[in-house]
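Chemist: Quick one: the structure is below, and I'll ask about it shortly.
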There are 2 protein chains.
Amino acid sequence: MKQKARVAIVGYGTIGKRAADAISVQDDMEVAGIIKRNLTHELYSAVQKGYPLFALSQKSESAFVNEGFTVEGYLHSLLQQADIAVIATPDGSASEYIDICRSLNLPVIIQGGEGHELAGISFNSEANYSEALGKKAVRVVSCNTTALTRALYPLDTEFGIKKVRATLIRRAADPNDIKTGPINALVPETEIPSHHGPDVNTIIPHLDITTTAIKASTTLMHLHLVNVELSKTASEKEVTDLLKNRPRIRMVSNKQKIRSTAEIMEFARDMGRPRGDMWENVIWEDSIHINGKELNFFEAVHQESIVIPENVDAIRSMLGMTNGPDSITKTNIAMGINR
Amino acid sequence: MKQKARVAIVGYGTIGKRAADAISVQDDMEVAGIIKRNLTHELYSAVQKGYPLFALSQKSESAFVNEGFTVEGYLHSLLQQADIAVIATPDGSASEYIDICRSLNLPVIIQGGEGHELAGISFNSEANYSEALGKKAVRVVSCNTTALTRALYPLDTEFGIKKVRATLIRRAADPNDIKTGPINALVPETEIPSHHGPDVNTIIPHLDITTTAIKASTTLMHLHLVNVELSKTASEKEVTDLLKNRPRIRMVSNKQKIRSTAEIMEFARDMGRPRGDMWENVIWEDSIHINGKELNFFEAVHQESIVIPENVDAIRSMLGMTNGPDSITKTNIAMGINR
């Protein structure tokens with residue numbers, strides 16, 4: 001491996017552009033290049049940041065060149081100069097890229113919109129970093145699954161979990177999406193349980209977890225109501241302290257006038273986070289409630305950015321660069337994830 | 001005056017916090033302190049940025065101190081160590097602060113939510129910078145009026161304007177506001193003309209301008225359809241070139257996949273703007289349409305941030321620190337407003 005791990009970013013949308021930025025602030029990896037299908041405003045800032053631009057087709061290349069962009073080559077030339085690829089193309093489109101990476105013997109990370117079986121390993125930094133060590137294909141699970149895993153894994157380790165029943169109020173579309181609805185409805189996902197519970201099981205197989213989901217007319221964040229039956233008795237303080245000290249969980253409270261996803265996003269903007277991103281699970285400390293062995297709490301999930309630190313850690317695991325706790329700390333410090 | 005102009009920020013909400021940040025990146029002014037009524041999450045980042053915190057009352061002071069904040073004093077002690085005050089308290093609450101500043105002979109800037117008569121001078125950087133020179137009270141006009149003035153002043157200067165008819169589709173609430181509606185309606189402002197046209201006349205008195213306004217269920221930006229009857233014939237290219245070269249107008253186009261206010265906000269986030277702010281008028285180049293002497297175009301207005309550079313320039317004008325074009329350039333460079 002070269003001095004820094006060189007990462008190819010395939011797909012430069014919501015996840016791809018954030019992954020590129022998070023990678024470029026680490027001291028042990030760098031962006032080898034980005035690839036994008038269509039001309040969008042995102043390319044202007046990408047090029048300003050110095051990411052080499054590659055094109056998927058001659059048609060894209062012409063569109064980019066006509067707009068004054070320099071195109072360094074096509075997909076194969078990007079992949080050939082990379083140590084690993086992060087695929088962040090639209091949901092369900094990764095399989096062709098995985099095949100190409102496999103044919104080049106290039107490690108590849110896919111996102112949670114793809115099925116578990118495509119990679120065979122689903123990833124969360126705290127829960128199973130070491131499972132991805134040296135692997136050729138790894139899937140970073142979706143935003144909702146990442147958040148559930150971050151909160152449930154320590155609870156299970158510390159107190160034991162008998163069962164989890166979680167309700168996910170999902171954002172309808174991302175903030176920049178002007179084509180997706182609903183704009184004025186609540187949409188129950190009538191498949192019960194929703195796919196999120198089984199998805200947590202790809203990382204914590206023994207967990208008894210069932211999830212249900214409702215789409216709401218908002219673009220900012222998802223909101224989870226998590227109901228957990230613990231194996232051992234725990235106090236609200238013990239649960240709060242445990243969760244508060246996780247590396248990617250942030251506690252907020254009504255006292256700070258953070259009563260909504262809107263105010264969390266405002267908080268992230270005020271902190272100067274790039275794009276106003278909130279990489280942590282955000283748990284309302286006020287909502288942590290214990291009744292016997294039954295725990296309830298609310299958490300908010302920034303769907304656009306929460307999986308980004310996990311993508312960075314997955315790179316280190318797959319390339320054998322360091323261990324899990326070190327990678328989490330390195331990633332957090334470089335990105336500015338702290339309390 | 002001390003080496004740097006010391007600015008008191010009275011009110012630390014949407015405008016106050018942004019004004020503080022914009023002031024603190026200028027090389028000729030600094031934040032003397034901020035004052036806030038209630039404890040909110042905004043104080044955490046304010047204190048991290050090093051802004052001295054003052055309290056309006058003993059009650060606020062206790063709330064702040066209980067949360068671990070250091071309080072430097074009350075309003076009077078803040079104002080006594082400042083060269084100028086920026087009042088950014090809720091709309092309609094500025095008059096008591098103006099009176100206090102007047103009693104201390106302290107120059108004071110108020111915002112567009114207050115009436116023109118309170119200050120006597122309404123301000124826009126390009127249109128009437130020199131009118132505020134040495135004045136003791138100046139009003140920076142509102143977001144909508146700022147945007148209209150920025151676009152209309154150069155058109156009037158270059159081609160002459162016979163009349164303006166503008167339709168303002170207004171955002172219902174700011175992104176962090178969880179109490180204001182409508183969440184699902186269009187609300188015509190049945191006062192015709194709306195107050196915005198007369199407000200432009202506080203800066204360009206001779207302009208024949210009428211505005212109408214509709215509130216829509218969105219938080220991101222306002223959208224203006226501006227219809228202008230010019231005195232002289234002008235081509236679309238002449239209008240585009242004129243507007244494109246204004247210091248605080250940004251052209252976008254559908255070709256860049258910027259077709260909506262949502263995508264403008266995404267563009268601002270991608271540019272790495274603090275809080276994802278868009279300080280410029282954003283005009284769709286595609287929409288600039290000339291029919292004889294009649295001009296139409298669409299522009300989007302980021303209500304949270306567009307008046308911030310004008311607040312910075314107003315400080316320089318009132319304190320006689322430099323001339324208008326120099327101030328605009330200085331402010332733009334320090335904030336990173338450019339093309």
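In the structure tokens, chains take the letters A, B, ... in the order shown, each chain's residues start at 1, and ligands count up from 1 in the order shown.
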Contacts between chain A and chain B, please, where a residue of chain B counts if it comes within 9 Å (with only C-alpha atoms); show its shortest atom pair and distance in Å to one decimal, rows by chain and ascending number, as CSV.

Modeler:
residue,atom,partner,partner_atom,distance
B:Lys17,CA,A:Asp270,CA,8.5
B:Leu39,CA,A:Gln256,CA,6.5
B:Thr40,CA,A:Gln256,CA,4.7
B:His41,CA,A:Gln256,CA,4.9
B:Glu42,CA,A:Asp270,CA,6.7
B:Tyr44,CA,A:Met271,CA,8.4
B:Ser45,CA,A:Met271,CA,5.6
B:Ala46,CA,A:Asp270,CA,8.4
B:Gln48,CA,A:Met271,CA,8.8
B:Pro175,CA,A:Ala262,CA,6.3
B:Asn176,CA,A:Ala262,CA,4.9
B:Asp177,CA,A:Ala262,CA,7.3
B:Ile178,CA,A:Ala262,CA,7.1
B:Ile183,CA,A:Asn184,CA,8.8
B:Asn184,CA,A:Asn184,CA,7.2
B:Lys255,CA,A:Thr40,CA,7.6
B:Gln256,CA,A:Thr40,CA,4.7
B:Lys257,CA,A:Thr40,CA,5.2
B:Ile258,CA,A:His41,CA,7.0
B:Arg259,CA,A:Ile178,CA,8.8
B:Ser260,CA,A:Ile178,CA,7.5
B:Thr261,CA,A:Asn176,CA,8.6
B:Ala262,CA,A:Asn176,CA,4.9
B:Glu263,CA,A:Asn176,CA,5.2
B:Ile264,CA,A:Asn176,CA,8.4
B:Met265,CA,A:Asn176,CA,7.6
B:Glu266,CA,A:Asn176,CA,5.9
B:Phe267,CA,A:His41,CA,6.5
B:Ala268,CA,A:Arg275,CA,8.0
B:Arg269,CA,A:Arg275,CA,4.3
B:Asp270,CA,A:Ser45,CA,6.3
B:Met271,CA,A:Ser45,CA,5.6
B:Gly272,CA,A:Pro274,CA,5.9
B:Arg273,CA,A:Arg275,CA,7.6
B:Pro274,CA,A:Gly272,CA,5.9
B:Arg275,CA,A:Arg269,CA,4.3
B:Gly276,CA,A:Arg275,CA,5.9

Chemist: Can you check which residues of stretch 53-233 of chain A DSSP gives as helix (DSSP H, G or I) on the backbone and send them as a ChimeraX atom specification?

Modeler: /A:58-66,75-80,95-103,116-119,125-132,143-159,196-201

Chemist: Choose the residue, out of A:Ile288, A:Ser235, A:Ile169, A:Val187, that has the smallest atom-to-atom separation from A:Thr211; count only C-alpha atoms.

Modeler: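 Residue with the minimum atom-to-atom distance to A:Thr211: A:Ile169.
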
Chemist: Among stretch 29-110 of chain A, which residues carry a DSSP assignment of strand (DSSP E or B), reported as a PyMOL selection string?

Modeler: chain A and resi 29-36+53-55+74+84-87+108-110

Chemist: Would you list the contacts of A:Val108 as a ChimeraX atom specification, taking every protein, DNA or RNA residue within 12 Å and counting only C-alpha atoms, but skipping same-chain residues closer than 4 positions in sequence?

Modeler: /A:7-10,79,82-88,94-104,118-121,132,134-140,311,314-315,317-319

Chemist: Which of these residues is nearest to B:Lys163, using only C-alpha atoms: B:Asp286, B:Asp208, B:Asp91, B:Asp326?

Modeler: B:Asp208

Chemist: Hey, which of A:Lys330, A:Lys232, A:His76, A:Arg170 ends up closest to A:His196? Count only C-alpha atoms.

Modeler: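 For A:His196, the nearest of the candidates is A:Arg170.
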
Chemist: Figure out the distance between atom CA of B:Gly320 and atom CA of B:Phe54, please, to one decimal in Å.

Modeler: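 Atom CA of B:Gly320 lies at a distance of 27.3 Å from atom CA of B:Phe54.
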
Chemist: So the first atom is atom CA of B:Val65 and the second is atom CA of B:Ala32; what is the distance between them in Å, to one decimal place?

Modeler: 19.7 Å

Chemist: Could you check how far atom CA of B:Tyr153 sits from atom CA of B:Gly13, in Å to one decimal?

Modeler: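 Taking atom CA of B:Tyr153 as the start and atom CA of B:Gly13 as the end point, the length is 29.4 Å.
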